[in-house]
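Take a look at the structure set out below.
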Amino acid sequence: MITETRNPETANSLSDLCNILNERAELIAWDDDGLIDDYPCDVTSLPTFGGTDPRDTTEVYSWNADSVLVPGAQITVSQSGWEIQPRCALCGEATFHCEHESID
Ligand SMILES: [Zn+2]
């Protein structure tokens with residue numbers, strides 16, 4: 001069984017970061033032996049990849065010019081994954097912090 005993943009701090013893009021975090025989340029979720037208890041870095045200070053900082057970073061863990069990294073679907077009851085969502089094209093906030101009508 002794999003017990004190590006790359007450190008999220010070494011990610012070179014937002015999608016790379018999301019993939020690393022999801023690999024780690026899977027390990028934590030299915031770690032019956034208690035070998036892996038957490039992320040190997042502070043997830044509240046992950047690297048970001050350009051673009052302006054969102055004003056509201058509640059539940060927003062990283063970003064680039066047009067996307068944000070946010071908690072994703074639950075893997076198990078106690079562990080969720082990660083996903084990338086588009087930022088609002090008008091204000092640049094995560095869509096759940098934005099009051100614009102969604103524009104398709
Ligand atoms: Zn907006």
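By order in the structure tokens, chains are A, B, ...; within a chain, residues start at 1; ligands start at 1, following the order shown.
Residues of protein, DNA or RNA lying at most 6 Å from ligand 1, when only C-alpha atoms and all ligand atoms are considered, are Cys88, Leu90, Cys91, Glu93, Cys98, Glu99 and His100 of chain A.
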What residues in chain A get the DSSP label helix (DSSP H, G or I)? Please answer as a PDB file with C-alpha atoms, in the first residue's frame.
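The resulting file, out.pdb, is reproduced below:
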```pdb
ATOM      1  CA  PRO A   8       1.154  19.720  -1.562  1.00  0.00           C
ATOM      2  CA  GLU A   9       3.664  22.543  -1.146  1.00  0.00           C
ATOM      3  CA  THR A  10       5.517  21.192  -4.215  1.00  0.00           C
ATOM      4  CA  LEU A  14      -3.870  24.328  -9.152  1.00  0.00           C
ATOM      5  CA  SER A  15      -4.901  21.022 -10.762  1.00  0.00           C
ATOM      6  CA  ASP A  16      -1.641  19.418  -9.612  1.00  0.00           C
ATOM      7  CA  LEU A  17      -2.364  20.632  -6.072  1.00  0.00           C
ATOM      8  CA  CYS A  18      -5.919  19.273  -6.229  1.00  0.00           C
ATOM      9  CA  ASN A  19      -4.658  15.882  -7.406  1.00  0.00           C
ATOM     10  CA  ILE A  20      -2.049  15.661  -4.632  1.00  0.00           C
ATOM     11  CA  LEU A  21      -4.608  16.597  -1.976  1.00  0.00           C
ATOM     12  CA  ASN A  22      -7.119  14.074  -3.302  1.00  0.00           C
ATOM     13  CA  GLU A  23      -4.514  11.299  -3.262  1.00  0.00           C
ATOM     14  CA  ARG A  24      -3.740  12.188   0.321  1.00  0.00           C
ATOM     15  CA  ALA A  25      -7.413  12.430   1.265  1.00  0.00           C
ATOM     16  CA  GLU A  26      -7.951   8.911  -0.116  1.00  0.00           C
ATOM     17  CA  LEU A  27      -5.046   7.595   1.951  1.00  0.00           C
ATOM     18  CA  ILE A  28      -6.355   9.254   5.097  1.00  0.00           C
ATOM     19  CA  ALA A  29      -9.900   8.047   4.405  1.00  0.00           C
ATOM     20  CA  VAL A  43      -3.819  23.156   4.385  1.00  0.00           C
ATOM     21  CA  THR A  44      -4.756  26.670   5.448  1.00  0.00           C
ATOM     22  CA  SER A  45      -1.560  28.024   3.878  1.00  0.00           C
ATOM     23  CA  THR A  95     -19.488  31.193  -6.766  1.00  0.00           C
ATOM     24  CA  PHE A  96     -20.794  30.350  -3.280  1.00  0.00           C
ATOM     25  CA  HIS A  97     -19.499  33.725  -2.050  1.00  0.00           C
TER      26      HIS A  97
END
```
Env of Trp82 of chain A: 6 Å cut, atoms = only C-alpha atoms, seq-sep filter 6 positions within chain, self excluded. Answer as a PDB file with N, CA and C atoms, in the first residue's frame.
```
ATOM      1  N   ASN A  22      -6.157  15.172  -3.200  1.00  0.00           N
ATOM      2  CA  ASN A  22      -7.119  14.074  -3.302  1.00  0.00           C
ATOM      3  C   ASN A  22      -6.461  12.722  -3.061  1.00  0.00           C
ATOM      4  N   VAL A  70     -11.608  24.050  -3.512  1.00  0.00           N
ATOM      5  CA  VAL A  70     -12.546  24.001  -2.391  1.00  0.00           C
ATOM      6  C   VAL A  70     -12.746  22.548  -1.955  1.00  0.00           C
ATOM      7  N   PRO A  71     -13.288  22.323  -0.757  1.00  0.00           N
ATOM      8  CA  PRO A  71     -13.583  20.951  -0.344  1.00  0.00           C
ATOM      9  C   PRO A  71     -14.572  20.314  -1.317  1.00  0.00           C
ATOM     10  N   GLY A  72     -14.369  19.043  -1.622  1.00  0.00           N
ATOM     11  CA  GLY A  72     -15.233  18.338  -2.566  1.00  0.00           C
ATOM     12  C   GLY A  72     -16.129  17.336  -1.857  1.00  0.00           C
TER      13      GLY A  72
END
```
For Leu69 of chain A: contacts at 7 Å, only C-alpha atoms, fewer than 2 positions along chain excluded, given as number ranges by chain: A: 60-63, 67, 82-85
Between A:Thr76, A:Ser13, A:Leu46, A:Ala89, which one has atoms that come closest to Asn64 of chain A, using only C-alpha atoms?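 Using only C-alpha atoms, Asn64 of chain A sits closest to A:Ser13.
Taking atom CA of Asp32 of chain A as the reference point, atom CA of Asn7 of chain A is found at 21.5 Å.
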Strand (DSSP E or B) positions in segment 73-102 of chain A, given as JSON, numbers by chain: {"A": [73, 74, 75, 76, 79, 80, 81, 82, 83, 84, 85, 86, 87, 94]}
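Going from atom CA of Ile36 of chain A over to atom CA of Arg6 of chain A, you cover 13.5 Å.
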In Å, rounded to a single decimal, give me how far atom CA of Thr48 of chain A is from atom CA of Thr5 of chain A.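 So the answer is 19.2 Å.
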